[in-house]
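This report concerns only the one structure given below.
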Amino acid sequence: DSFEKTDSAAFWKNDDKAQEIACSNWERRSQPPLFRAKISSYDLYKDGSDDDEIATALLVISGLGSFRASIDGEPLSSSGPLDPPFTDYAQRVSYRGFDITNYFTKGDNKENTHVIGVTMGSGWWDHRPIKGSFIRLFLLPRGAITCIAQIYVTYKSGKTEVLLPTGNKASGWQVAKGPIRESSLFTGEYIDLKSMASFDGWDTDRQWATISPNNEDQHSWVEPVAYESDTTLRIWRYQLEFKAAALSKPDDSIGPIQPKHKLAPIGKLIPIQAPPVMPTERLYPDEIYSLGDGRWMIDFGKGISGVLRFESGLPDPIVPPNGKYPRAHNMATLGPNDKFITVVHGESLEMTTGDINLAVVAGMGLHDSGPQHKSREAGWAESKGGPCYPKDHDAGSLLQRDVYILPANEEGSNQGSFSDARQSHFTTHSFRFAEICCTTEPPTGITALAYRTAFAEWGNFASSNVRLNGGYELIKNAMNSNMLSVQSDCPHREKIQYGGDIIADSPAAMHWYDLSAFYRKAIFDWVDQQWDNGAYAGTSYWLNLNDYAGIGQGAGETVWATAPLVMTARHMWHYGDLKLLNETMRHHMEWMRFLLKNFDDGMKKKGYDEELKGYVKEGSGLGDWLTFRGRDTWLTHQSFYMAAARCIAYISAKLGQSNELSEMDDLAKSVEGRIARIYLKNGKDYFTPPEAAGGNLSPGPEMSLFSRVVPGEKRCTVLRNYFRREGHTWPGSDEKNFLNSIDDDYLKEMITTGEVSKRGKDWSMGWSQWQGFNEGILAVKYSLKTLSDNGFHNVALNKASGFGCGSFEYMLSHNATTMWESWWRSEDLYSHNHPMLGASAEWMVSSVAGVGLHPKTTGGSTVLFWPRFPNSANVLEFAGATQGTRRGDFSIAWKFEDLPDNRDLYASASVTVHIRLFVPPDGKSVLRIPEYSNGEGVDASMKYATSVPNLDEALMLSSEECLSRRDAKMGFSYNFEFSNKTRLFSKVERKKAIGTPCHSFLFHSTLDDTTWGETKTVTGISTNGIEVPLVAGLYDILVSNWQLRPEVATSNGRIGSIPDYFKSEDV
């Protein structure tokens, strides 16, 4: 009775009254329920004969929003915050099975009565109806919190029986409002400790009570009612398609175009498709310090997505001395005698105050920019949030906050204890820092639990370069924070799955993890979303995000909407799942038919001239999002139209569908030819838009070089001209503020290094083309891979290990532990935990260390070893990596030997390159022998271990040694910190673990006694090196007389071009 038909469309239009009613209704049901049912030994052993002995018992269960199952007071679930995984719940809901046989068969259990308990949270299903700014949760299906469960019992006689099915009144299920007052994935939980104490043992027989129809206590146990939707999937999808402009005309037979129902339809139940979300790491505080007046800051040293855990509970709260609570800790909605403790989470600190930066972690982007930025007026967040914006989030920002409450009774006293507090359950927060307020002393026994989907981890990388290692860790930490049943872009503001991000970062993710099941689910998330006209959206559930950037009719931006095709092809490359191709091919072809029908006209309607006349800056589209440059959106639209056709051609070839293969291959070549013709027609061979003013956009030629769009005869010339590109100064507000607040000595140092130069009359930071990154979401990969694969690995290394604005060094020097959303500092808008720009992690593995899947492999059956080396050992002395596959883990390590004692000679000495490789027992691989810098092939001596040594021991010992180095904080070594006394930033030496160099286990001393076979010489050839097939085993390779040399200089300091390359004919 807390749903009305007007609720479902209240936020589809600006109807303040309907929104107020929807909010009022939700507040009546904001306390998620508990469900329970009892099963007796009589139910299990009705006959009392041997035939009735139980063989197996399986609890099968699901619930919306989120659930945690228990039996006899013992948890069965992983305590993850999101179960079932996020899908379109109107079409697909996952269930899980728990083996509970032992509870019914062991010892006295056969004589006992058992209780099944289900704790519920709101999840994505019945969240607080906040209006939002650009995250429109009201477009998700929603309904009353519900669960479905039953026990399958199999007896030794072969008989089976279903017990305790929900929906059957005779099963005796009960429901009560639980101790969580409010549960939100975005804002956290309010936990009533008094109520929690009263529910102690609720899921055990000792606390069972029969239903009393006269019990009026708000937490009393009552009989649940069955969930019944008052609409259908067909109607719900029709209404969404109409809103998305994906319908050609209304269907009068269906009814209204605005939803008018109480409870959304629930989709078919399916077995869980991917591993559940679980706690995967426990972190201990790096530092706990007082902020004054009972407020404590806890720094866990690394950004995560998770919750705080209080193993010893919380101390009793105090009221601040002046009675005024600090920003973000006020609770205006509680009673005057209620006691509470607030826990506010954030991923960074406001640099000039030391408080948690609330703006960059605000859910749904609802914030007023914070005290240091005034880009939004006070009250903006509350206004955009609508009538259900939380009334006690009065800090100008939607908070990541958990609140532990002891309510006062009628006499004004409190019953219960803060020592019972442990953690929130149905939320996650993005944080490195947490503020706790207000207590005399900080809690003891405090830890942080990091959550992610519990897939296997199988890849790693390490090198001698602290900045490279630091960048790799930044990206991995951000990726770990964004893998909670979907691959999200940020774990606080949006939490949803974007196509562009998954295209950009999935190669890195598939390096780290076995994502066969996870990405299979992601592809089907898009299949569920697909409109009847064939269009895919830019997100895996349509939320009307960035549709303006697509070609219309419900299609997402072309790059983003092509994600399901790209991911299907990559999935086949890595995992070889032919069934996935068969199941999705029809849907992908519908997208291609949509593009064939609408792409060219859609581009015209978006204002793109067929010959790109007048095209000098980005048009409609997202393109290379958050590049320092303007975005070449025409190129990315066209290139991913081509990529979609190439993917279908690849899939068709694997399925033996020759007609589709021929058709899509022809289409891909046609689009490829179109791009090449237009981008070469001005005769300059820069491979940029034809009008000169458009030549500075991103991606530049690197995208088309990487994707083989540049014709063969033009590749060398276009590559040479690529080095004409230059950087520029950057007018970012946070960079300006920093330069205005830095001491003169360090400003002079930054001027000397080229990090700062003049922009008009003022000093300005600059971004570099060749000594840092300027590329956005897509071109990071294309630039690094193009350079390394075409003989300019030294330039790629300089980009990735550069310094200043637009570099890993810049983020690390500003105390980052997770990748930022932008290359520049953003203290009021862009996320500080966002792997979007993280494609470089895969490049580090495949190019810097030298191991990756072979380009022509299927199912990861063959790996390519292709190590590339720097010009100078000052940049890099060693590197190593492991790439996991279904065949096993492939590992490589290399190092320079015979380096001189004098580091001044690191750019001129002749050294030996020592390489070790391991191919697992079921693996196949190819070694691509490196070339000398002049293009001549090298002679390498190779030997093979006659018996494989104990590599597990070497791995364990080297990991322990690496951990010791990290504990000693031998990584990145400084921060910029703000002094409230001088009001200036200064560079402070501060040892850190992040970026710590560690050697590969392949060079561990325990392998020194390995017995090697006969040494063989592999002779290189000058035309294109040589590839050597390798069988399973351990290899030792030496390349002698490797000549180190100085790096090539750029013009105009850090932000200039590389004349030595674009002026040379020898490229």
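Every chain in the structure tokens has a letter given in the order shown (A, B, ...), and although residue numbers restart at 1 in each chain, ligands are simply numbered from 1 in the order shown.
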
Enumerate, as a PyMOL selection string, the complete set of residues in region 787-953 of chain A that a backbone-based DSSP assignment places in alpha helix (DSSP H). chain A and resi 787-789+793-800+808-813+840-843+951-953

Could you produce a table of the residues of region 347-434 of chain A lying within 6 Å of region 194-203 of chain A, with the nearest pair of atoms per residue and their separation in Å rounded to one decimal, using only C-alpha atoms, ordered by chain and increasing residue number, as a tab-separated table?
```
residue	atom	partner	partner_atom	distance
A:Leu406	CA	A:Lys194	CA	5.7
A:Gln415	CA	A:Lys194	CA	5.9
A:Gly416	CA	A:Lys194	CA	4.8
```

Would you save the residues of that selection, restricted to C-alpha atoms, as a PDB file, in the first residue's frame?
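Dumped to again-v7.pdb:
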```pdb
ATOM      1  CA  LEU A 406      20.626   4.752  19.340  1.00  0.00           C
ATOM      2  CA  GLN A 415      18.678   1.276  25.118  1.00  0.00           C
ATOM      3  CA  GLY A 416      21.317  -0.653  23.249  1.00  0.00           C
TER       4      GLY A 416
END
```

Gly880 (chain A): which residues within 7 Å, counting only C-alpha atoms, same-chain residues fewer than 2 positions away excluded, as a VMD selection string? chain A and resid 461 to 463 849 892 to 894 1000

Please produce an output containing N, CA, C and O atoms for each residue in the selection, written as an mmCIF file, in the first residue's frame.
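Produced file part10.cif, reproduced below:
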```cif
data_model
loop_
_atom_site.group_PDB
_atom_site.id
_atom_site.type_symbol
_atom_site.label_atom_id
_atom_site.label_comp_id
_atom_site.auth_asym_id
_atom_site.auth_seq_id
_atom_site.Cartn_x
_atom_site.Cartn_y
_atom_site.Cartn_z
ATOM 1 N N PHE A 461 52.445 -7.083 -13.196
ATOM 2 C CA PHE A 461 53.532 -6.377 -13.884
ATOM 3 C C PHE A 461 54.384 -5.687 -12.836
ATOM 4 O O PHE A 461 53.874 -5.211 -11.814
ATOM 5 N N ALA A 462 55.681 -5.620 -13.071
ATOM 6 C CA ALA A 462 56.578 -4.834 -12.223
ATOM 7 C C ALA A 462 57.785 -4.434 -13.043
ATOM 8 O O ALA A 462 58.151 -5.104 -14.020
ATOM 9 N N SER A 463 58.410 -3.341 -12.648
ATOM 10 C CA SER A 463 59.588 -2.865 -13.375
ATOM 11 C C SER A 463 60.464 -2.054 -12.431
ATOM 12 O O SER A 463 60.130 -1.863 -11.256
ATOM 13 N N ALA A 849 56.986 -5.103 -20.668
ATOM 14 C CA ALA A 849 57.496 -6.420 -20.260
ATOM 15 C C ALA A 849 57.593 -7.339 -21.471
ATOM 16 O O ALA A 849 58.634 -7.955 -21.710
ATOM 17 N N ILE A 892 57.154 -13.572 -18.286
ATOM 18 C CA ILE A 892 58.378 -13.069 -18.905
ATOM 19 C C ILE A 892 59.061 -12.121 -17.934
ATOM 20 O O ILE A 892 58.399 -11.456 -17.125
ATOM 21 N N ALA A 893 60.374 -12.080 -17.999
ATOM 22 C CA ALA A 893 61.153 -11.068 -17.270
ATOM 23 C C ALA A 893 62.408 -10.793 -18.077
ATOM 24 O O ALA A 893 62.959 -11.685 -18.728
ATOM 25 N N TRP A 894 62.831 -9.535 -18.073
ATOM 26 C CA TRP A 894 64.104 -9.177 -18.716
ATOM 27 C C TRP A 894 64.806 -8.138 -17.850
ATOM 28 O O TRP A 894 64.174 -7.416 -17.078
ATOM 29 N N SER A 1000 61.040 -9.876 -10.973
ATOM 30 C CA SER A 1000 60.212 -11.037 -11.270
ATOM 31 C C SER A 1000 60.744 -12.280 -10.570
ATOM 32 O O SER A 1000 61.955 -12.432 -10.355
#
```

List as a PyMOL selection string the protein and nucleic acid residues near Ser369 (chain A), meaning an atom at most 7 Å away when only C-alpha atoms are counted, but skip any in the same chain fewer than 3 places from it. chain A and resi 359+373-376+828

Could those selected residues go to a file with N, CA and C atoms, as a PDB file, in the first residue's frame?
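Just written: out_5.pdb:
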```pdb
ATOM      1  N   ALA A 359      32.634  16.906  -2.933  1.00  0.00           N
ATOM      2  CA  ALA A 359      32.101  17.149  -4.273  1.00  0.00           C
ATOM      3  C   ALA A 359      32.441  16.026  -5.239  1.00  0.00           C
ATOM      4  N   HIS A 373      35.381  25.913  -4.455  1.00  0.00           N
ATOM      5  CA  HIS A 373      34.939  26.204  -5.810  1.00  0.00           C
ATOM      6  C   HIS A 373      33.513  26.720  -5.757  1.00  0.00           C
ATOM      7  N   LYS A 374      33.198  27.677  -6.604  1.00  0.00           N
ATOM      8  CA  LYS A 374      31.889  28.315  -6.562  1.00  0.00           C
ATOM      9  C   LYS A 374      31.206  28.257  -7.932  1.00  0.00           C
ATOM     10  N   SER A 375      31.395  27.132  -8.634  1.00  0.00           N
ATOM     11  CA  SER A 375      30.803  27.025  -9.961  1.00  0.00           C
ATOM     12  C   SER A 375      29.305  26.776  -9.908  1.00  0.00           C
ATOM     13  N   ARG A 376      28.798  26.404  -8.730  1.00  0.00           N
ATOM     14  CA  ARG A 376      27.364  26.192  -8.567  1.00  0.00           C
ATOM     15  C   ARG A 376      26.882  26.957  -7.334  1.00  0.00           C
ATOM     16  N   ASP A 828      36.442  19.556  -7.986  1.00  0.00           N
ATOM     17  CA  ASP A 828      35.012  19.821  -7.821  1.00  0.00           C
ATOM     18  C   ASP A 828      34.144  19.153  -8.879  1.00  0.00           C
TER      19      ASP A 828
END
```

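For Ala264 (chain A), the list of residues within 10 Å, based on only C-alpha atoms and with local chain neighbours fewer than 4 positions off taken out, reads Ser8, Tyr89, Ala90, Trp125, Leu140, Pro141, Arg142, Gly143, Ala144, Tyr227, Glu228, Ser229, Asp230, Thr231, Thr232, Leu233, Trp236, Pro259 and Lys260 of chain A.
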
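For region 377-387 of chain A, the list of residues within 8 Å, based on only C-alpha atoms and with local chain neighbours fewer than 6 positions off taken out, reads Asp16, Gln19, Glu20, Cys23, Ile130, Lys131, Gly132, Ser133, Leu366, His367, Asp368, Gly396, Ser397 and Leu398 of chain A.
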
Please save all heavy atoms of the selected residues as a compact mmCIF listing (two decimals), in the first residue's frame.
```txt
# COMPACT_ATOMS: atom_id res chain seq x y z
N ASP A 16 5.90 18.19 -9.59
CA ASP A 16 6.35 18.30 -8.20
C ASP A 16 5.43 17.56 -7.24
O ASP A 16 5.88 16.91 -6.30
CB ASP A 16 6.44 19.78 -7.79
CG ASP A 16 7.55 20.50 -8.55
OD1 ASP A 16 8.45 19.81 -9.06
OD2 ASP A 16 7.51 21.74 -8.61
N GLN A 19 5.93 13.86 -7.43
CA GLN A 19 7.22 13.50 -6.84
C GLN A 19 7.16 13.53 -5.32
O GLN A 19 7.73 12.68 -4.64
CB GLN A 19 8.31 14.44 -7.36
CG GLN A 19 8.62 14.24 -8.83
CD GLN A 19 9.63 15.24 -9.38
OE1 GLN A 19 10.34 15.88 -8.61
NE2 GLN A 19 9.68 15.38 -10.69
N GLU A 20 6.45 14.50 -4.77
CA GLU A 20 6.30 14.56 -3.32
C GLU A 20 5.53 13.34 -2.81
O GLU A 20 5.87 12.77 -1.76
CB GLU A 20 5.57 15.85 -2.94
CG GLU A 20 6.41 17.10 -3.14
CD GLU A 20 5.61 18.37 -2.93
OE1 GLU A 20 4.42 18.25 -2.53
OE2 GLU A 20 6.15 19.47 -3.16
N CYS A 23 7.80 10.30 -2.94
CA CYS A 23 8.78 10.34 -1.85
C CYS A 23 8.13 9.96 -0.53
O CYS A 23 8.67 9.16 0.24
CB CYS A 23 9.40 11.72 -1.76
SG CYS A 23 10.64 11.86 -0.45
N ILE A 130 15.45 9.79 -5.58
CA ILE A 130 16.07 11.09 -5.81
C ILE A 130 15.96 11.43 -7.29
O ILE A 130 16.21 10.58 -8.15
CB ILE A 130 17.54 11.07 -5.36
CG1 ILE A 130 17.62 10.80 -3.85
CG2 ILE A 130 18.25 12.37 -5.70
CD1 ILE A 130 19.03 10.62 -3.33
N LYS A 131 15.63 12.64 -7.56
CA LYS A 131 15.42 13.05 -8.96
C LYS A 131 16.71 12.94 -9.76
O LYS A 131 16.71 12.51 -10.90
CB LYS A 131 14.89 14.49 -8.99
CG LYS A 131 14.53 14.99 -10.37
CD LYS A 131 13.93 16.39 -10.26
CE LYS A 131 13.53 16.94 -11.61
NZ LYS A 131 12.96 18.31 -11.49
N GLY A 132 17.84 13.31 -9.16
CA GLY A 132 19.13 13.21 -9.85
C GLY A 132 19.37 14.37 -10.78
O GLY A 132 18.51 15.20 -11.03
N SER A 133 20.60 14.42 -11.30
CA SER A 133 20.93 15.43 -12.30
C SER A 133 21.06 14.75 -13.65
O SER A 133 20.23 14.91 -14.53
CB SER A 133 22.22 16.17 -11.92
OG SER A 133 23.27 15.25 -11.70
N LEU A 366 25.41 15.22 -7.48
CA LEU A 366 24.64 16.24 -6.74
C LEU A 366 25.53 16.90 -5.70
O LEU A 366 25.71 16.38 -4.59
CB LEU A 366 23.42 15.60 -6.10
CG LEU A 366 22.35 15.08 -7.08
CD1 LEU A 366 21.27 14.31 -6.35
CD2 LEU A 366 21.74 16.22 -7.87
N HIS A 367 26.08 18.04 -6.04
CA HIS A 367 26.93 18.79 -5.11
C HIS A 367 26.97 20.25 -5.56
O HIS A 367 26.64 20.58 -6.70
CB HIS A 367 28.35 18.22 -5.07
CG HIS A 367 29.07 18.30 -6.37
ND1 HIS A 367 29.75 19.43 -6.78
CD2 HIS A 367 29.20 17.40 -7.38
CE1 HIS A 367 30.28 19.21 -7.98
NE2 HIS A 367 29.97 18.00 -8.37
N ASP A 368 27.41 21.11 -4.65
CA ASP A 368 27.47 22.54 -4.96
C ASP A 368 28.90 23.01 -5.22
O ASP A 368 29.20 24.20 -5.11
CB ASP A 368 26.83 23.37 -3.86
CG ASP A 368 27.57 23.24 -2.52
OD1 ASP A 368 28.60 22.53 -2.48
OD2 ASP A 368 27.12 23.85 -1.53
N GLY A 396 25.64 20.62 1.22
CA GLY A 396 25.75 21.00 -0.18
C GLY A 396 26.12 19.86 -1.08
O GLY A 396 26.45 20.08 -2.25
N SER A 397 26.07 18.63 -0.57
CA SER A 397 26.49 17.49 -1.36
C SER A 397 25.73 16.25 -0.90
O SER A 397 25.44 16.08 0.28
CB SER A 397 28.00 17.25 -1.19
OG SER A 397 28.41 16.06 -1.83
N LEU A 398 25.40 15.39 -1.86
CA LEU A 398 24.88 14.08 -1.51
C LEU A 398 26.04 13.27 -0.94
O LEU A 398 27.07 13.10 -1.59
CB LEU A 398 24.30 13.39 -2.75
CG LEU A 398 23.33 12.24 -2.49
CD1 LEU A 398 22.08 12.71 -1.77
CD2 LEU A 398 22.96 11.56 -3.81
```

Close residues, Thr584 (chain A) itself excluded, 10 Å, only C-alpha atoms, min 6 positions apart in chain, as a PDB file with N, CA and C atoms, in the first residue's frame:
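Produced file around_18.pdb, reproduced below:
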```
ATOM      1  N   ILE A 523      27.801  -8.551 -21.814  1.00  0.00           N
ATOM      2  CA  ILE A 523      27.290  -8.557 -23.189  1.00  0.00           C
ATOM      3  C   ILE A 523      25.783  -8.785 -23.183  1.00  0.00           C
ATOM      4  N   PHE A 524      25.321  -9.709 -22.334  1.00  0.00           N
ATOM      5  CA  PHE A 524      23.876  -9.952 -22.265  1.00  0.00           C
ATOM      6  C   PHE A 524      23.143  -8.791 -21.592  1.00  0.00           C
ATOM      7  N   VAL A 527      22.376  -6.866 -24.576  1.00  0.00           N
ATOM      8  CA  VAL A 527      21.358  -7.549 -25.375  1.00  0.00           C
ATOM      9  C   VAL A 527      19.968  -7.300 -24.795  1.00  0.00           C
ATOM     10  N   PRO A 564      29.029  -3.960 -27.126  1.00  0.00           N
ATOM     11  CA  PRO A 564      28.720  -5.390 -27.093  1.00  0.00           C
ATOM     12  C   PRO A 564      29.350  -6.176 -28.224  1.00  0.00           C
ATOM     13  N   LEU A 565      29.516  -5.586 -29.400  1.00  0.00           N
ATOM     14  CA  LEU A 565      30.172  -6.280 -30.506  1.00  0.00           C
ATOM     15  C   LEU A 565      31.660  -6.435 -30.246  1.00  0.00           C
ATOM     16  N   THR A 568      32.250  -8.993 -27.575  1.00  0.00           N
ATOM     17  CA  THR A 568      32.036 -10.367 -28.026  1.00  0.00           C
ATOM     18  C   THR A 568      33.262 -10.883 -28.771  1.00  0.00           C
ATOM     19  N   ILE A 651      33.259 -12.551 -36.161  1.00  0.00           N
ATOM     20  CA  ILE A 651      32.320 -13.496 -35.565  1.00  0.00           C
ATOM     21  C   ILE A 651      31.757 -14.427 -36.639  1.00  0.00           C
TER      22      ILE A 651
END
```

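The shortest atom-to-atom distance to Gly937 (chain A), with only C-alpha atoms taken into account, belongs to A:Val1039 out of A:Ser840, A:Thr688, A:Asn102, A:Val1039.
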
Quick one: pick out all strand (DSSP E or B) residues within region 694-925 of chain A from a backbone DSSP run and write them as a ChimeraX atom specification. /A:698,728-729,742,756-759,762-767,851-853,862-865,878-885,888-897,910-919,924-925

Keeping N, CA and C atoms for every residue in the selection just given, could you write it to a file as a compact mmCIF listing (two decimals), in the first residue's frame?
```txt
# COMPACT_ATOMS: atom_id res chain seq x y z
N SER A 698 42.00 15.11 -31.35
CA SER A 698 42.38 13.78 -30.87
C SER A 698 41.19 12.84 -31.01
N HIS A 728 50.79 21.99 -25.26
CA HIS A 728 50.37 23.38 -25.11
C HIS A 728 50.26 23.68 -23.62
N THR A 729 50.06 24.95 -23.31
CA THR A 729 49.78 25.33 -21.92
C THR A 729 48.35 24.96 -21.57
N ILE A 742 52.16 28.56 -4.54
CA ILE A 742 53.38 27.77 -4.41
C ILE A 742 54.55 28.71 -4.16
N VAL A 756 56.28 24.40 -16.32
CA VAL A 756 55.54 25.65 -16.33
C VAL A 756 56.13 26.57 -17.38
N SER A 757 55.27 27.22 -18.14
CA SER A 757 55.72 28.21 -19.12
C SER A 757 54.67 29.31 -19.20
N LYS A 758 54.95 30.33 -19.98
CA LYS A 758 54.05 31.49 -20.05
C LYS A 758 52.85 31.21 -20.95
N ARG A 759 51.69 31.59 -20.46
CA ARG A 759 50.46 31.61 -21.26
C ARG A 759 49.97 33.05 -21.23
N ASP A 762 50.78 35.24 -17.89
CA ASP A 762 50.78 34.45 -16.65
C ASP A 762 51.52 33.14 -16.83
N TRP A 763 52.07 32.66 -15.72
CA TRP A 763 52.66 31.32 -15.73
C TRP A 763 51.54 30.28 -15.76
N SER A 764 51.79 29.23 -16.51
CA SER A 764 50.77 28.20 -16.67
C SER A 764 51.43 26.84 -16.77
N MET A 765 50.79 25.84 -16.21
CA MET A 765 51.24 24.48 -16.46
C MET A 765 50.96 24.12 -17.92
N GLY A 766 51.66 23.13 -18.40
CA GLY A 766 51.46 22.72 -19.78
C GLY A 766 51.30 21.21 -19.89
N TRP A 767 50.65 20.78 -20.96
CA TRP A 767 50.56 19.35 -21.24
C TRP A 767 51.47 19.02 -22.42
N VAL A 851 54.58 -9.54 -22.92
CA VAL A 851 53.76 -10.75 -23.02
C VAL A 851 52.31 -10.35 -23.22
N GLY A 852 51.69 -10.97 -24.21
CA GLY A 852 50.28 -10.72 -24.49
C GLY A 852 49.76 -11.80 -25.40
N LEU A 853 48.44 -11.83 -25.59
CA LEU A 853 47.88 -12.83 -26.48
C LEU A 853 48.37 -12.62 -27.91
N THR A 862 47.40 -19.23 -27.65
CA THR A 862 48.78 -18.91 -28.02
C THR A 862 49.12 -17.50 -27.53
N VAL A 863 50.31 -17.38 -26.96
CA VAL A 863 50.77 -16.10 -26.42
C VAL A 863 51.97 -15.62 -27.21
N LEU A 864 52.06 -14.29 -27.37
CA LEU A 864 53.20 -13.68 -28.06
C LEU A 864 54.12 -13.04 -27.01
N PHE A 865 55.37 -13.47 -26.99
CA PHE A 865 56.41 -12.80 -26.20
C PHE A 865 57.12 -11.82 -27.13
N PHE A 878 64.78 -2.99 -15.83
CA PHE A 878 64.21 -4.33 -15.89
C PHE A 878 62.69 -4.24 -15.87
N ALA A 879 62.06 -5.31 -16.32
CA ALA A 879 60.60 -5.40 -16.28
C ALA A 879 60.21 -6.87 -16.35
N GLY A 880 59.02 -7.16 -15.86
CA GLY A 880 58.50 -8.52 -15.91
C GLY A 880 57.00 -8.51 -15.77
N ALA A 881 56.35 -9.56 -16.28
CA ALA A 881 54.89 -9.63 -16.19
C ALA A 881 54.44 -11.07 -16.34
N THR A 882 53.23 -11.32 -15.86
CA THR A 882 52.55 -12.59 -16.06
C THR A 882 51.19 -12.32 -16.69
N GLN A 883 50.87 -13.11 -17.71
CA GLN A 883 49.56 -13.04 -18.35
C GLN A 883 48.86 -14.38 -18.18
N GLY A 884 47.74 -14.36 -17.47
CA GLY A 884 46.98 -15.59 -17.29
C GLY A 884 46.12 -15.90 -18.50
N THR A 885 45.90 -17.17 -18.75
CA THR A 885 45.00 -17.62 -19.81
C THR A 885 44.32 -18.91 -19.34
N GLY A 888 46.87 -21.57 -18.76
CA GLY A 888 47.83 -21.40 -17.68
C GLY A 888 48.46 -20.02 -17.73
N ASP A 889 49.39 -19.77 -16.82
CA ASP A 889 50.03 -18.46 -16.70
C ASP A 889 51.33 -18.43 -17.48
N PHE A 890 51.44 -17.45 -18.40
CA PHE A 890 52.66 -17.22 -19.17
C PHE A 890 53.42 -16.06 -18.52
N SER A 891 54.72 -16.23 -18.32
CA SER A 891 55.50 -15.19 -17.63
C SER A 891 56.75 -14.84 -18.42
N ILE A 892 57.15 -13.57 -18.29
CA ILE A 892 58.38 -13.07 -18.90
C ILE A 892 59.06 -12.12 -17.93
N ALA A 893 60.37 -12.08 -18.00
CA ALA A 893 61.15 -11.07 -17.27
C ALA A 893 62.41 -10.79 -18.08
N TRP A 894 62.83 -9.54 -18.07
CA TRP A 894 64.10 -9.18 -18.72
C TRP A 894 64.81 -8.14 -17.85
N LYS A 895 66.12 -8.07 -18.00
CA LYS A 895 66.91 -7.07 -17.28
C LYS A 895 68.18 -6.79 -18.05
N PHE A 896 68.70 -5.59 -17.88
CA PHE A 896 70.02 -5.25 -18.42
C PHE A 896 71.09 -5.77 -17.48
N GLU A 897 72.07 -6.44 -18.02
CA GLU A 897 73.23 -6.88 -17.24
C GLU A 897 74.47 -6.18 -17.77
N SER A 910 77.38 -0.46 -23.73
CA SER A 910 76.97 -1.69 -24.41
C SER A 910 76.71 -2.74 -23.33
N VAL A 911 75.52 -3.32 -23.34
CA VAL A 911 75.12 -4.21 -22.25
C VAL A 911 74.57 -5.52 -22.82
N THR A 912 74.30 -6.42 -21.91
CA THR A 912 73.64 -7.68 -22.25
C THR A 912 72.20 -7.62 -21.76
N VAL A 913 71.28 -8.09 -22.60
CA VAL A 913 69.89 -8.21 -22.20
C VAL A 913 69.63 -9.66 -21.83
N HIS A 914 69.20 -9.88 -20.60
CA HIS A 914 68.92 -11.22 -20.10
C HIS A 914 67.41 -11.39 -20.01
N ILE A 915 66.88 -12.40 -20.71
CA ILE A 915 65.44 -12.63 -20.79
C ILE A 915 65.13 -14.03 -20.27
N ARG A 916 64.08 -14.13 -19.49
CA ARG A 916 63.56 -15.45 -19.12
C ARG A 916 62.06 -15.51 -19.43
N LEU A 917 61.64 -16.70 -19.90
CA LEU A 917 60.26 -16.92 -20.27
C LEU A 917 59.78 -18.22 -19.66
N PHE A 918 58.51 -18.26 -19.30
CA PHE A 918 57.90 -19.52 -18.89
C PHE A 918 56.62 -19.73 -19.66
N VAL A 919 56.52 -20.91 -20.28
CA VAL A 919 55.32 -21.34 -21.01
C VAL A 919 54.71 -22.49 -20.22
N LYS A 924 51.02 -22.70 -25.70
CA LYS A 924 51.79 -22.49 -26.93
C LYS A 924 52.16 -21.01 -26.99
N SER A 925 53.33 -20.73 -27.54
CA SER A 925 53.75 -19.33 -27.61
C SER A 925 54.70 -19.11 -28.76
```

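Distances from A:Phe3, A:Phe426, A:Phe138, A:Phe310 to Gly65 (chain A) were compared using only C-alpha atoms, and the smallest one belongs to A:Phe426.
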
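Minimum atom-to-atom distances from A:Leu622, A:Ala274, A:Cys438, A:Leu468 to Tyr519 (chain A) were compared using only C-alpha atoms, and the lowest value belongs to A:Ala274.
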
CA of Gly158 (chain A) to CA of Ala55 (chain A), straight-line distance in Å: 8.6 Å

Would you compute the distance between CA of Glu735 (chain A) and CA of Tyr974 (chain A)? Give it in Å to one decimal.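 Between CA of Glu735 (chain A) and CA of Tyr974 (chain A) the gap is 18.1 Å.
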
Which residue, A:Arg422, A:Leu545, A:Ala873, A:Lys604, has the smallest gap to Ile496 (chain A) when you use only C-alpha atoms? A:Leu545
